[in-house]
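Inspection log for the structure reproduced underneath, given as structure tokens.
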Amino acid sequence: MKFAYKFSNLLGTVYRHGNLNFSHDGNSVISPVGNRISIFDLKNNKSETLPVATTKNITCVGLSPDENLAILVDEDGAAVLVSLITRAVLHHFHFYKPVQCVRFSPDGRKFVVTKDNVALMYHAPGKRREFNAFVLDKSYYGPYDETTCIDWTDDSKCFVVGSKDMTTWVFGAERWANLVYYSLGGHKDVIVGCFFEEDSLDLYTVSQDGALSVWQCDTELEGLKPRPPKQTPTVHTEEDAEVVKCDENRVPRGEEIRGNANSQEQEGSGKVKYRRQGKYFFNKEGEFNNLTSAAFHKKTHILVTGFASGIFHLHELPEFNLIHTLSISDQRIASISINSMGDWIAFGCAGLGQLLVWEWQSESFVLKQQGHFNNMVALAYSPDGQYIATGGDDGKVKVWNTNSGFCFVTFTDHTSSVTAVTFNSTGFVIVSASLDGTVRAFDLHRYRNFRTFTSPRPTQFSCLAIDASGEIVSAGSQGSFEVYIWSMQTGRLLEVLAGHEGPISNLSFNPVQGILASASWDKTVKIWDMYDSWKTKETLMLTSDALAVTYRADGKELAVATLDGEISFWDPQNAVQTGSIVGRHDLQMGRKEVDKITAKQAAKGKSFTSLCYSADGQSILAGGQSKFVCIYNVREQILMKKFEISCNHSLDAMEEYLDRRKMTEFGSLALIDEGAGDGDAVTLSLPGVRKGDMSSRHFKPEIRVTCLRFSPTGRSWAATSTEGLLIHSLDSRLVFDPFNLDLNVTPSSVRRQMRQHEHTDAIVQAFRLNEKKLIQEVLENVPYAEIEVVCTLLPDLYVEKLLNFIATTLESSRHLQFYLTWTLRLLKLHGQKLKARSSTILPMIQSLQKSIQRHLEDISKLCDWNRYNIRYALAMSKQRGTKRSAEKPVSEDEESDEAANEQSTEEIGMQI
């Protein structure tokens, strides 16, 4: 069974929309990113995107108290029950209406969903396998408008619901005699947050106009009295109905509890009563006019509130003492969450795609991440595959660590869209081209722009390429139809290559020779010879406009993508076309909402805009104006597999067929502007409105792939798309790949040879079974002194397989010196034979280099830290010795002891 590329991670997007959640231990943040969720491990500095996707963008996430389950609800109300242990979907459910909030009870037995003006309480899924995981228990009616927020008491006896009608409702999760429901008013705007005090029925409510109300209850949680069971059937009132009904979707409603704000039941004798103890305002001076989110930590009594201006407050309740105020963004804070310890606060800003984790006691950032808030259009892998550089329409260049998934540096020197990025051969310099008319080089040692390349006349650069030595930088122009050549060392303009009659669409340097290929809209690809005064060596005539060009790793083949959807392959030495692929039918472009033609007809005008050879040169990746990425076999010129980039229907051009439900007699519903603004402000139909941004509109971005790159290690590839930076890696779970297998090769025979110390035969048979755990067991049982002997006797066919296995195992293994010794002996003994196959084993060598480089960085930091500590200890001991000698004379024995201690400390420092 061959390895398959599977979705492994989503970078470049850290937060889109919805509520943030902390894990139970407080070390991880769960953030919704489009129609997926990402888990950011703050302790281990890693991020992971679950391989689970909903149909549309996620609006709310409910996390069970034991962190085994999560409920994801999208914009249309479609819910997915996900196991956070197995990373698999357990159940699908549809609420048929947009859901505002989902919250599990603290005991994990129930969860409440707010939909329209009703709160639905469900039995939480258990450990048993159930046909229907979502069983409705009760439906709570009371508010007149949409419900917005939920909170539970610590013992799961009651819950509170806030609403847009400016009321707050307290409901009993069970049938209490003295509390069925209770309605609280007093606010003048939408309720943003409602919170119970710890082990109490006391309440805090926060509204959008910046008002906080403190409510005191006259009853403790222990004072709730259970209602005795009814003996005979009675006639139920409107406030207390228990009739089992079904809604319009034939779903059982369960028990219904209807509340009436004007009813006298909540004020009866013996009933639970509330009174307002205090009311406070955040906007005394009027600068905070729109409170957008709030969170409360019950143990520390800390209230965190976020505003539309990007400012957040920390208050201590119930005295409303201001602890801290800080501006963290220039956009509205959409979501706030506090971890279980109460020391870390997570903020999500949807406008800029920011995710921040703030430690309020030390006033420092634990995590500060932001993706490209505009389209991501370019990417490049570093030579060792450890870093990815991305460029976007926001003018930023970001560098991401592929191991951790975090961005560690952002360059903001460009003033317009970045069109191309690339690394030099050393991997420590990033070069980017932009529409602002500059090409900039950034240093990854000092994190600065150390070189800026410009043209004699202002022009917009659309593409970029660097030669194999890293000394020559070339960029293509959109306006002047010229290619500019600069020197990296001096920054001088060396040459201007003219000859094209249309905008330059792409550039590619030959990896082996000093030859540059330039693709243009004039239906030609020109090949320029750097060593012959940049003369045109060949001109390849195409059938349509050239959009992308790329060389194979050995420089002996050239691939060109054209506007008619074809990929043509050329021999650059003889200027002969060797093959072509008609890929127009493989794009399968989806239908836009406003299109008047079918998706099949629309696909005829689409084409591939990005090409990339695999590391071994046998396959080629192609992507463009579609949700699919195609991988073709170059030799057979056939489609091997299609990867679907996204299934998110919140993006445009995803529908394959016309949806008649969205069509009216006046046309498509997508053409109708409902005038709701950005959804965060008051609707525009109200006269005299001064809140919100009147120019903002809700729009659906079109799904497309802008850039594709294979990792130099050959184990993954990345694509920049409307969804973000998607990484597909080899699925390591498919471990059984039989190689020269016969009946005598079994795990028991391998272990028998291992016990008989026939290590070479055991390794060969383990590789024939190709089971990772068995190979690792055999290798780690080889004595350290016999590694060189085993490497000498190992057949040539298995040397490459063993090196490839070590490269993948070294990333996570603790036996660093052991596997490095294997690598050293294999390369020394079989280096000449491996050099003859350097082109085929290059991905494996680069993967090995990536693993060793990562361990080098980790260990060097640890060694530096130990060395600095020992120097500090030596300095302190010397200082203490001088003070002691100044105070009193020291005996000869004490002097010898101190000298011995200093000498031993210096010896330890020298060893480290």
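Each chain in the structure tokens gets a letter, A, B and so on, in the order shown; residues start at 1 in every chain, and ligands are counted from 1 in the order they appear.
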Contacts of segment 393-398 of chain A at 7 Å (only C-alpha atoms; same-chain gap of 6+ positions) as an mmCIF file with C-alpha atoms, in the first residue's frame:
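Writing done, so here's out24.cif:
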```
data_model
loop_
_atom_site.group_PDB
_atom_site.id
_atom_site.type_symbol
_atom_site.label_atom_id
_atom_site.label_comp_id
_atom_site.auth_asym_id
_atom_site.auth_seq_id
_atom_site.Cartn_x
_atom_site.Cartn_y
_atom_site.Cartn_z
ATOM 1 C CA HIS A 372 -2.741 37.591 6.583
ATOM 2 C CA PHE A 373 -5.929 39.638 6.888
ATOM 3 C CA ASN A 374 -6.076 39.753 3.100
ATOM 4 C CA ASN A 375 -5.524 37.092 0.436
ATOM 5 C CA MET A 376 -2.402 34.937 0.734
ATOM 6 C CA VAL A 377 -0.841 34.792 -2.729
ATOM 7 C CA CYS A 407 4.705 32.607 12.740
ATOM 8 C CA VAL A 409 8.625 37.000 12.264
ATOM 9 C CA THR A 410 6.618 39.413 10.109
ATOM 10 C CA PHE A 411 8.132 41.909 7.672
ATOM 11 C CA THR A 412 5.964 44.948 6.904
ATOM 12 C CA HIS A 414 6.232 46.585 1.484
ATOM 13 C CA THR A 415 3.517 49.156 0.868
ATOM 14 C CA SER A 416 1.481 47.116 -1.597
ATOM 15 C CA SER A 417 0.592 43.513 -2.405
ATOM 16 C CA VAL A 418 3.386 40.934 -2.285
#
```
* Quick one: everything within 10 Å of segment 90-94 of chain A, counting only C-alpha atoms, minus sequence neighbours fewer than 3 positions away in the same chain. Send it as an MDAnalysis selection string. => chainID A and resid 54 69 71:74 76:83 86:87 97:98 125 129:134 249
Mind dumping the selected residues with C-alpha atoms as a PDB file, in the first residue's frame?
```pdb
ATOM      1  CA  THR A  54     -18.041  21.483   8.718  1.00  0.00           C
ATOM      2  CA  LEU A  69     -16.009  15.779  23.031  1.00  0.00           C
ATOM      3  CA  ILE A  71     -19.718  20.252  19.421  1.00  0.00           C
ATOM      4  CA  LEU A  72     -19.087  22.408  16.342  1.00  0.00           C
ATOM      5  CA  VAL A  73     -21.996  24.399  14.916  1.00  0.00           C
ATOM      6  CA  ASP A  74     -21.790  26.269  11.615  1.00  0.00           C
ATOM      7  CA  ASP A  76     -26.736  27.305   9.161  1.00  0.00           C
ATOM      8  CA  GLY A  77     -27.085  25.401  12.432  1.00  0.00           C
ATOM      9  CA  ALA A  78     -25.518  22.133  11.240  1.00  0.00           C
ATOM     10  CA  ALA A  79     -23.718  20.542  14.207  1.00  0.00           C
ATOM     11  CA  VAL A  80     -20.903  18.006  14.305  1.00  0.00           C
ATOM     12  CA  LEU A  81     -19.976  15.971  17.365  1.00  0.00           C
ATOM     13  CA  VAL A  82     -16.200  15.451  17.347  1.00  0.00           C
ATOM     14  CA  SER A  83     -14.012  13.241  19.508  1.00  0.00           C
ATOM     15  CA  THR A  86      -9.526  10.125  18.026  1.00  0.00           C
ATOM     16  CA  ARG A  87      -9.960  13.345  15.959  1.00  0.00           C
ATOM     17  CA  LYS A  97     -31.576  27.657  12.547  1.00  0.00           C
ATOM     18  CA  PRO A  98     -28.441  29.690  13.388  1.00  0.00           C
ATOM     19  CA  PRO A 125     -23.631  12.049  24.564  1.00  0.00           C
ATOM     20  CA  ARG A 129     -22.847   3.892  21.256  1.00  0.00           C
ATOM     21  CA  GLU A 130     -26.178   5.586  20.636  1.00  0.00           C
ATOM     22  CA  PHE A 131     -28.244   5.859  17.492  1.00  0.00           C
ATOM     23  CA  ASN A 132     -29.131   9.463  18.318  1.00  0.00           C
ATOM     24  CA  ALA A 133     -26.444  11.194  20.349  1.00  0.00           C
ATOM     25  CA  PHE A 134     -28.513  14.396  20.774  1.00  0.00           C
ATOM     26  CA  ASN A 249     -38.761  18.916  11.099  1.00  0.00           C
TER      27      ASN A 249
END
```
* To do: Quick one: pick out all strand (DSSP E) residues within segment 373-441 of chain A from a backbone DSSP run and write them as a PyMOL selection string.
  => chain A and resi 376-381+387-392+397-401+407-411+418-423+429-434+438-441
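For the set A:Met663, A:Val357, A:Ala548, A:Val89, the residue with the smallest atom-to-atom gap to Val594 of chain A is A:Met663, counting only C-alpha atoms.
Omitting Lys850 of chain A and its sequence neighbours fewer than 5 positions away, and counting only C-alpha atoms, the residues within 12 Å are Tyr381, Ser382, Pro383, Asp384, Gly385, Gln386, Tyr387, Asn401, Thr402, Asn403, Gly427, Ser711, Pro712, Thr713, Gly714, Arg715, Ile806, Ala807, Thr808, Thr809, Leu810, Glu811, Pro843, Met844, Ile845, His855, Leu856 and Glu857 of chain A.
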If we count only C-alpha atoms, what is near segment 18-26 of chain A at a cut-off of 9 Å, once residues fewer than 4 positions away on the same chain are taken out, given as a PDB file with N, CA, C and O atoms, in the first residue's frame?
```pdb
ATOM      1  N   ILE A  30      -8.402  26.477  21.976  1.00  0.00           N
ATOM      2  CA  ILE A  30      -9.115  25.903  20.838  1.00  0.00           C
ATOM      3  C   ILE A  30      -9.784  27.048  20.095  1.00  0.00           C
ATOM      4  O   ILE A  30     -10.637  27.744  20.639  1.00  0.00           O
ATOM      5  N   SER A  31      -9.366  27.243  18.842  1.00  0.00           N
ATOM      6  CA  SER A  31      -9.803  28.398  18.064  1.00  0.00           C
ATOM      7  C   SER A  31     -10.454  27.935  16.769  1.00  0.00           C
ATOM      8  O   SER A  31      -9.891  27.101  16.056  1.00  0.00           O
ATOM      9  N   PRO A  32     -11.636  28.457  16.426  1.00  0.00           N
ATOM     10  CA  PRO A  32     -12.241  28.132  15.123  1.00  0.00           C
ATOM     11  C   PRO A  32     -11.591  28.939  13.998  1.00  0.00           C
ATOM     12  O   PRO A  32     -11.437  30.155  14.103  1.00  0.00           O
ATOM     13  N   VAL A  33     -11.190  28.243  12.927  1.00  0.00           N
ATOM     14  CA  VAL A  33     -10.589  28.889  11.763  1.00  0.00           C
ATOM     15  C   VAL A  33     -11.400  28.466  10.530  1.00  0.00           C
ATOM     16  O   VAL A  33     -11.191  27.394   9.975  1.00  0.00           O
ATOM     17  N   LEU A  42       0.146  25.946  24.196  1.00  0.00           N
ATOM     18  CA  LEU A  42       0.996  27.054  24.622  1.00  0.00           C
ATOM     19  C   LEU A  42       2.200  26.587  25.419  1.00  0.00           C
ATOM     20  O   LEU A  42       3.216  27.296  25.468  1.00  0.00           O
ATOM     21  N   ASN A  57     -18.735  28.028   7.768  1.00  0.00           N
ATOM     22  CA  ASN A  57     -17.900  28.565   8.834  1.00  0.00           C
ATOM     23  C   ASN A  57     -18.489  28.264  10.204  1.00  0.00           C
ATOM     24  O   ASN A  57     -19.700  28.375  10.413  1.00  0.00           O
ATOM     25  N   ILE A  58     -17.619  27.925  11.141  1.00  0.00           N
ATOM     26  CA  ILE A  58     -18.040  27.602  12.503  1.00  0.00           C
ATOM     27  C   ILE A  58     -18.360  28.893  13.251  1.00  0.00           C
ATOM     28  O   ILE A  58     -17.566  29.844  13.230  1.00  0.00           O
ATOM     29  N   THR A  59     -19.510  28.915  13.923  1.00  0.00           N
ATOM     30  CA  THR A  59     -19.913  30.095  14.697  1.00  0.00           C
ATOM     31  C   THR A  59     -19.779  29.880  16.197  1.00  0.00           C
ATOM     32  O   THR A  59     -19.587  30.849  16.932  1.00  0.00           O
ATOM     33  N   CYS A  60     -19.914  28.648  16.674  1.00  0.00           N
ATOM     34  CA  CYS A  60     -19.762  28.409  18.107  1.00  0.00           C
ATOM     35  C   CYS A  60     -19.244  26.995  18.340  1.00  0.00           C
ATOM     36  O   CYS A  60     -19.532  26.069  17.570  1.00  0.00           O
ATOM     37  N   VAL A  61     -18.474  26.856  19.419  1.00  0.00           N
ATOM     38  CA  VAL A  61     -17.857  25.589  19.806  1.00  0.00           C
ATOM     39  C   VAL A  61     -18.216  25.314  21.256  1.00  0.00           C
ATOM     40  O   VAL A  61     -18.052  26.180  22.123  1.00  0.00           O
ATOM     41  N   GLY A  62     -18.721  24.123  21.520  1.00  0.00           N
ATOM     42  CA  GLY A  62     -18.982  23.692  22.889  1.00  0.00           C
ATOM     43  C   GLY A  62     -18.039  22.580  23.278  1.00  0.00           C
ATOM     44  O   GLY A  62     -17.924  21.577  22.563  1.00  0.00           O
ATOM     45  N   LEU A  63     -17.353  22.730  24.404  1.00  0.00           N
ATOM     46  CA  LEU A  63     -16.337  21.772  24.843  1.00  0.00           C
ATOM     47  C   LEU A  63     -16.825  21.081  26.106  1.00  0.00           C
ATOM     48  O   LEU A  63     -17.245  21.740  27.062  1.00  0.00           O
ATOM     49  N   PRO A  65     -16.664  19.041  29.695  1.00  0.00           N
ATOM     50  CA  PRO A  65     -15.735  19.265  30.826  1.00  0.00           C
ATOM     51  C   PRO A  65     -14.547  18.311  30.838  1.00  0.00           C
ATOM     52  O   PRO A  65     -13.464  18.681  31.285  1.00  0.00           O
ATOM     53  N   ASP A  66     -14.730  17.072  30.361  1.00  0.00           N
ATOM     54  CA  ASP A  66     -13.609  16.127  30.342  1.00  0.00           C
ATOM     55  C   ASP A  66     -12.759  16.236  29.084  1.00  0.00           C
ATOM     56  O   ASP A  66     -11.808  15.458  28.915  1.00  0.00           O
ATOM     57  N   GLU A  67     -13.115  17.167  28.184  1.00  0.00           N
ATOM     58  CA  GLU A  67     -12.351  17.442  26.956  1.00  0.00           C
ATOM     59  C   GLU A  67     -12.309  16.259  25.999  1.00  0.00           C
ATOM     60  O   GLU A  67     -11.445  16.202  25.130  1.00  0.00           O
ATOM     61  N   CYS A 101     -25.039  30.074  20.852  1.00  0.00           N
ATOM     62  CA  CYS A 101     -24.108  29.627  21.889  1.00  0.00           C
ATOM     63  C   CYS A 101     -24.399  28.172  22.248  1.00  0.00           C
ATOM     64  O   CYS A 101     -25.555  27.731  22.184  1.00  0.00           O
ATOM     65  N   ALA A 334     -13.759  40.085  19.286  1.00  0.00           N
ATOM     66  CA  ALA A 334     -14.941  39.274  19.014  1.00  0.00           C
ATOM     67  C   ALA A 334     -15.170  38.204  20.069  1.00  0.00           C
ATOM     68  O   ALA A 334     -16.315  37.804  20.284  1.00  0.00           O
ATOM     69  N   SER A 335     -14.131  37.710  20.719  1.00  0.00           N
ATOM     70  CA  SER A 335     -14.296  36.621  21.682  1.00  0.00           C
ATOM     71  C   SER A 335     -13.229  36.714  22.759  1.00  0.00           C
ATOM     72  O   SER A 335     -12.090  37.125  22.487  1.00  0.00           O
ATOM     73  N   ILE A 336     -13.617  36.349  23.989  1.00  0.00           N
ATOM     74  CA  ILE A 336     -12.708  36.347  25.138  1.00  0.00           C
ATOM     75  C   ILE A 336     -12.901  35.042  25.889  1.00  0.00           C
ATOM     76  O   ILE A 336     -14.025  34.552  26.035  1.00  0.00           O
ATOM     77  N   SER A 337     -11.801  34.473  26.375  1.00  0.00           N
ATOM     78  CA  SER A 337     -11.868  33.264  27.190  1.00  0.00           C
ATOM     79  C   SER A 337     -10.759  33.325  28.240  1.00  0.00           C
ATOM     80  O   SER A 337      -9.671  33.859  27.973  1.00  0.00           O
ATOM     81  N   ILE A 338     -11.042  32.790  29.430  1.00  0.00           N
ATOM     82  CA  ILE A 338     -10.082  32.766  30.537  1.00  0.00           C
ATOM     83  C   ILE A 338      -9.800  31.313  30.880  1.00  0.00           C
ATOM     84  O   ILE A 338     -10.718  30.484  30.935  1.00  0.00           O
ATOM     85  N   ASN A 339      -8.533  30.995  31.141  1.00  0.00           N
ATOM     86  CA  ASN A 339      -8.205  29.607  31.461  1.00  0.00           C
ATOM     87  C   ASN A 339      -8.599  29.270  32.893  1.00  0.00           C
ATOM     88  O   ASN A 339      -9.031  30.135  33.664  1.00  0.00           O
ATOM     89  N   SER A 340      -8.460  27.999  33.245  1.00  0.00           N
ATOM     90  CA  SER A 340      -8.953  27.527  34.534  1.00  0.00           C
ATOM     91  C   SER A 340      -8.222  28.152  35.714  1.00  0.00           C
ATOM     92  O   SER A 340      -8.810  28.344  36.787  1.00  0.00           O
ATOM     93  N   MET A 341      -6.946  28.494  35.555  1.00  0.00           N
ATOM     94  CA  MET A 341      -6.189  29.108  36.639  1.00  0.00           C
ATOM     95  C   MET A 341      -6.478  30.593  36.780  1.00  0.00           C
ATOM     96  O   MET A 341      -6.178  31.184  37.814  1.00  0.00           O
ATOM     97  N   GLY A 342      -7.026  31.203  35.737  1.00  0.00           N
ATOM     98  CA  GLY A 342      -7.362  32.615  35.807  1.00  0.00           C
ATOM     99  C   GLY A 342      -6.219  33.557  35.516  1.00  0.00           C
ATOM    100  O   GLY A 342      -6.356  34.773  35.716  1.00  0.00           O
ATOM    101  N   TRP A 344      -4.312  33.426  32.402  1.00  0.00           N
ATOM    102  CA  TRP A 344      -4.184  33.666  30.962  1.00  0.00           C
ATOM    103  C   TRP A 344      -5.545  34.018  30.377  1.00  0.00           C
ATOM    104  O   TRP A 344      -6.553  33.377  30.676  1.00  0.00           O
ATOM    105  N   ALA A 346      -7.455  34.775  26.637  1.00  0.00           N
ATOM    106  CA  ALA A 346      -7.360  34.670  25.178  1.00  0.00           C
ATOM    107  C   ALA A 346      -8.336  35.651  24.539  1.00  0.00           C
ATOM    108  O   ALA A 346      -9.497  35.757  24.955  1.00  0.00           O
ATOM    109  N   PHE A 347      -7.852  36.368  23.521  1.00  0.00           N
ATOM    110  CA  PHE A 347      -8.660  37.334  22.779  1.00  0.00           C
ATOM    111  C   PHE A 347      -8.645  36.955  21.301  1.00  0.00           C
ATOM    112  O   PHE A 347      -7.595  36.601  20.753  1.00  0.00           O
ATOM    113  N   GLY A 348      -9.794  37.033  20.670  1.00  0.00           N
ATOM    114  CA  GLY A 348      -9.900  36.802  19.236  1.00  0.00           C
ATOM    115  C   GLY A 348     -10.449  38.024  18.543  1.00  0.00           C
ATOM    116  O   GLY A 348     -11.505  38.537  18.930  1.00  0.00           O
ATOM    117  N   ALA A 350     -11.712  39.159  14.939  1.00  0.00           N
ATOM    118  CA  ALA A 350     -12.070  38.583  13.648  1.00  0.00           C
ATOM    119  C   ALA A 350     -11.668  39.477  12.488  1.00  0.00           C
ATOM    120  O   ALA A 350     -11.357  38.994  11.404  1.00  0.00           O
TER     121      ALA A 350
END
```
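Atom CA of Lys43 of chain A sits 27.1 Å away from atom CA of Tyr872 of chain A.
Using only C-alpha atoms, the nearest neighbour of Thr300 of chain A within the list A:Val745, A:Leu842, A:Ile567, A:Leu317 is A:Leu317.
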* To do: Identify, on the basis of only C-alpha atoms, every residue whose closest approach to Phe442 of chain A does not exceed 12 Å; exclude the query and any residue fewer than 3 positions from it along the same chain; express the result as a ChimeraX atom specification.
  => /A:389,397-399,409-414,421-424,427-433,439,445-453,488
* Asked: With only C-alpha atoms as the atoms that count, which of A:Gly353, A:Pro795, A:Gly259, A:Pro228 lies nearest to Val170 of chain A?
  -> A:Gly259
* Test item: residues at most 6 Å from Ser462 of chain A, only C-alpha atoms, excluding those fewer than 2 positions along its chain, as a list in words -> Thr419, Gly476 and Ser477 of chain A
Please produce a file of the residues just selected, as a compact mmCIF listing (two decimals), in the first residue's frame, where the atoms kept are N, CA and C atoms.
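out-v1.txt was written with the following content:
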```
# COMPACT_ATOMS: atom_id res chain seq x y z
N THR A 419 3.71 39.79 -4.41
CA THR A 419 3.34 38.89 -5.50
C THR A 419 4.17 37.61 -5.53
N GLY A 476 10.14 40.05 -12.84
CA GLY A 476 9.42 40.39 -14.06
C GLY A 476 8.43 41.51 -13.82
N SER A 477 8.25 42.33 -14.85
CA SER A 477 7.40 43.52 -14.74
C SER A 477 6.07 43.29 -15.44
```
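Using only C-alpha atoms, the smallest distance between any of A:Gly193, A:Gln100, A:Gly351, A:Pro747 and Val304 of chain A comes from A:Gly193.
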* Residue nearest Leu291 of chain A among A:Leu212, A:Leu725, A:Val778, A:Ile323 (counting only C-alpha atoms) -> A:Leu212
